[in-house]
Amino acid sequence: MAKVYARRVSIAAGSAAALVCTLMLSGQTAQAAPPSPPSAATARTYLTEIKEQPEGPQDGYSRDKFPHWIDQGNNCNTREVVLKRDGTNVQQDGSCAAVSGTWVSAYDGATWTQASDLDIDHVVPLSEAWKSGAAQWTTAKRQELANDLTHSQLIAVTDNVNQAKGDKDPAKWLPSKASYHCEYARMWVWVKHEYGMTADSAEKAALKKILDGC
């Protein structure tokens, strides 16, 4: 199983590197959003397939057990790839660091022109993942989640908003921008379903309420 996940990480890294190379050579603007999650109808189906289970313990958790940000090629790591993808007119230096651009944080609608004002949020927080099954995963699978450019797991947002979110699930925290709740719920469900994570009863109830209103 570890070999399968390692291969998937390698494929995702290669795709991301190719994307960055293309953008740097062409000067085009990347899509200013994570990969689009499934429709609300599909997300509702996925939600029913997610096993309902109380959160596990925090014991043994460390962010170091989810290696990130990993190298994505062309001197770029995952954070830098997401900054390029989620911004507009992003210019990078020779080290792939964003030196200019504009970013609109989907969680609160704030606009930023300095990359230092942004965090790359793990939509499903790493601590939440740990308590939802990742404690039993291989390091390769945890690394895949922490650097996932294929699903809607990573997004550039206002740094203090991300810090306020912490490791809370949708029963305890939602973006202040209410119009983004449906998108956020679809993103969350997609990631949890893809990785076979569990969800507690309050979390599932909160997600169902949002998705039913989409």
# chains A, B, ... in the order shown; residues from 1 in each chain; ligands from 1
$ residues_around --residues "range 119-123 of chain A" --least-positions-apart "2" --cutoff "6 Å" --atoms "only C-alpha atoms" --output "short mmCIF file (atom, residue, chain, number, x, y, z; two decimals) with N, CA, C and O atoms, in the first residue's frame"
data_model
loop_
_atom_site.label_atom_id
_atom_site.label_comp_id
_atom_site.auth_asym_id
_atom_site.auth_seq_id
_atom_site.Cartn_x
_atom_site.Cartn_y
_atom_site.Cartn_z
N PRO A 125 -7.63 19.94 8.40
CA PRO A 125 -6.38 20.16 9.14
C PRO A 125 -5.66 18.86 9.45
O PRO A 125 -6.29 17.80 9.60
N GLN A 153 -7.53 20.32 -1.11
CA GLN A 153 -7.01 20.25 0.25
C GLN A 153 -6.16 21.45 0.62
O GLN A 153 -5.97 21.71 1.80
N LEU A 154 -5.67 22.20 -0.36
CA LEU A 154 -4.78 23.32 -0.09
C LEU A 154 -5.33 24.60 -0.71
O LEU A 154 -5.75 24.60 -1.86
N ILE A 155 -5.30 25.69 0.07
CA ILE A 155 -5.80 26.97 -0.44
C ILE A 155 -5.08 28.11 0.28
O ILE A 155 -4.85 28.05 1.50
N ALA A 156 -4.73 29.15 -0.46
CA ALA A 156 -4.06 30.32 0.11
C ALA A 156 -5.11 31.26 0.70
O ALA A 156 -6.02 31.71 0.00
N VAL A 157 -4.99 31.53 1.99
CA VAL A 157 -5.97 32.37 2.69
C VAL A 157 -5.27 33.32 3.66
O VAL A 157 -4.09 33.14 3.98
N ASP A 159 -3.66 34.85 6.68
CA ASP A 159 -2.94 34.07 7.69
C ASP A 159 -3.65 33.99 9.04
O ASP A 159 -3.79 32.90 9.62
#
$ select_by_dssp --residues "range 76-190 of chain A" --states "alpha helix (DSSP H)" --output "ChimeraX atom specification"
/A:78-86,126-131,139-146,159-165,181-190
$ write_last_selection --atoms "C-alpha atoms" --output "mmCIF file, in the first residue's frame"
data_model
loop_
_atom_site.group_PDB
_atom_site.id
_atom_site.type_symbol
_atom_site.label_atom_id
_atom_site.label_comp_id
_atom_site.auth_asym_id
_atom_site.auth_seq_id
_atom_site.Cartn_x
_atom_site.Cartn_y
_atom_site.Cartn_z
ATOM 1 C CA THR A 78 4.204 22.993 -2.405
ATOM 2 C CA ARG A 79 3.533 26.340 -0.706
ATOM 3 C CA GLU A 80 5.025 28.244 -3.613
ATOM 4 C CA VAL A 81 3.050 26.227 -6.167
ATOM 5 C CA VAL A 82 -0.199 27.046 -4.338
ATOM 6 C CA LEU A 83 0.668 30.742 -4.077
ATOM 7 C CA LYS A 84 1.255 30.832 -7.824
ATOM 8 C CA ARG A 85 -1.947 28.896 -8.532
ATOM 9 C CA ASP A 86 -4.233 30.854 -6.220
ATOM 10 C CA LEU A 126 -3.572 17.722 9.776
ATOM 11 C CA SER A 127 -4.542 17.296 13.422
ATOM 12 C CA GLU A 128 -8.140 16.618 12.371
ATOM 13 C CA ALA A 129 -6.868 14.062 9.867
ATOM 14 C CA TRP A 130 -4.802 12.383 12.585
ATOM 15 C CA LYS A 131 -7.902 11.966 14.750
ATOM 16 C CA THR A 139 4.117 8.429 6.304
ATOM 17 C CA ALA A 140 3.814 8.389 2.507
ATOM 18 C CA LYS A 141 0.031 8.723 2.677
ATOM 19 C CA ARG A 142 0.252 11.490 5.284
ATOM 20 C CA GLN A 143 2.745 13.317 3.060
ATOM 21 C CA GLU A 144 0.353 12.999 0.139
ATOM 22 C CA LEU A 145 -2.468 14.611 2.118
ATOM 23 C CA ALA A 146 -0.248 17.433 3.369
ATOM 24 C CA ASP A 159 -2.943 34.069 7.691
ATOM 25 C CA ASN A 160 -4.784 35.056 10.871
ATOM 26 C CA VAL A 161 -8.017 33.522 9.553
ATOM 27 C CA ASN A 162 -6.206 30.241 9.077
ATOM 28 C CA GLN A 163 -4.767 30.510 12.552
ATOM 29 C CA ALA A 164 -8.231 31.163 14.011
ATOM 30 C CA LYS A 165 -9.518 28.040 12.253
ATOM 31 C CA HIS A 181 -19.812 27.643 2.898
ATOM 32 C CA CYS A 182 -21.155 25.362 0.176
ATOM 33 C CA GLU A 183 -17.820 25.275 -1.632
ATOM 34 C CA TYR A 184 -15.988 24.673 1.644
ATOM 35 C CA ALA A 185 -18.265 21.775 2.623
ATOM 36 C CA ARG A 186 -17.832 20.191 -0.813
ATOM 37 C CA MET A 187 -14.053 20.549 -0.510
ATOM 38 C CA TRP A 188 -13.993 19.048 2.976
ATOM 39 C CA VAL A 189 -16.174 16.073 2.067
ATOM 40 C CA TRP A 190 -14.183 15.360 -1.096
#
$ residues_around --residues "Gly133 in chain A" --least-positions-apart "6" --cutoff "9 Å" --atoms "only C-alpha atoms" --output "list in words"
Glu55, Gly56, Gly196, Met197 and Thr198 of chain A
$ closest_residue --among "A:Pro170, A:Pro37, A:Gly94, A:Gly101" --to "Leu118 in chain A" --atoms "only C-alpha atoms"
A:Gly101
$ atom_distance --atom1 "CA of Ser176 in chain A" --atom2 "CA of Gly109 in chain A"
8.7 Å
$ closest_residue --among "A:Ile210, A:Thr113, A:Pro38, A:Glu52" --to "Ser179 in chain A" --atoms "only C-alpha atoms"
A:Ile210
$ closest_residue --among "A:Ser36, A:Cys96, A:Thr42, A:His193" --to "Ser152 in chain A" --atoms "only C-alpha atoms"
A:Ser36
$ residues_around --residues "Leu211 in chain A" --least-positions-apart "2" --cutoff "8 Å" --atoms "only C-alpha atoms" --output "list in words"
Ala40, Ala41, Ala43, Arg44, Cys182, Ala185, Arg186, Leu207, Lys208, Lys209, Gly213 and Cys214 of chain A
$ select_by_dssp --residues "range 3-208 of chain A" --states "strand (DSSP E or B)" --output "VMD selection string"
chain A and resid 52 71 77 88 to 92 98 to 104 111 to 112 118 to 122 154 to 158 199
$ atom_distance --atom1 "CA of Leu174 in chain A" --atom2 "CA of Thr158 in chain A"
14.0 Å
$ residues_around --residues "Val104 in chain A" --least-positions-apart "6" --cutoff "8 Å" --atoms "only C-alpha atoms" --output "VMD selection string"
chain A and resid 87 110 to 112 157
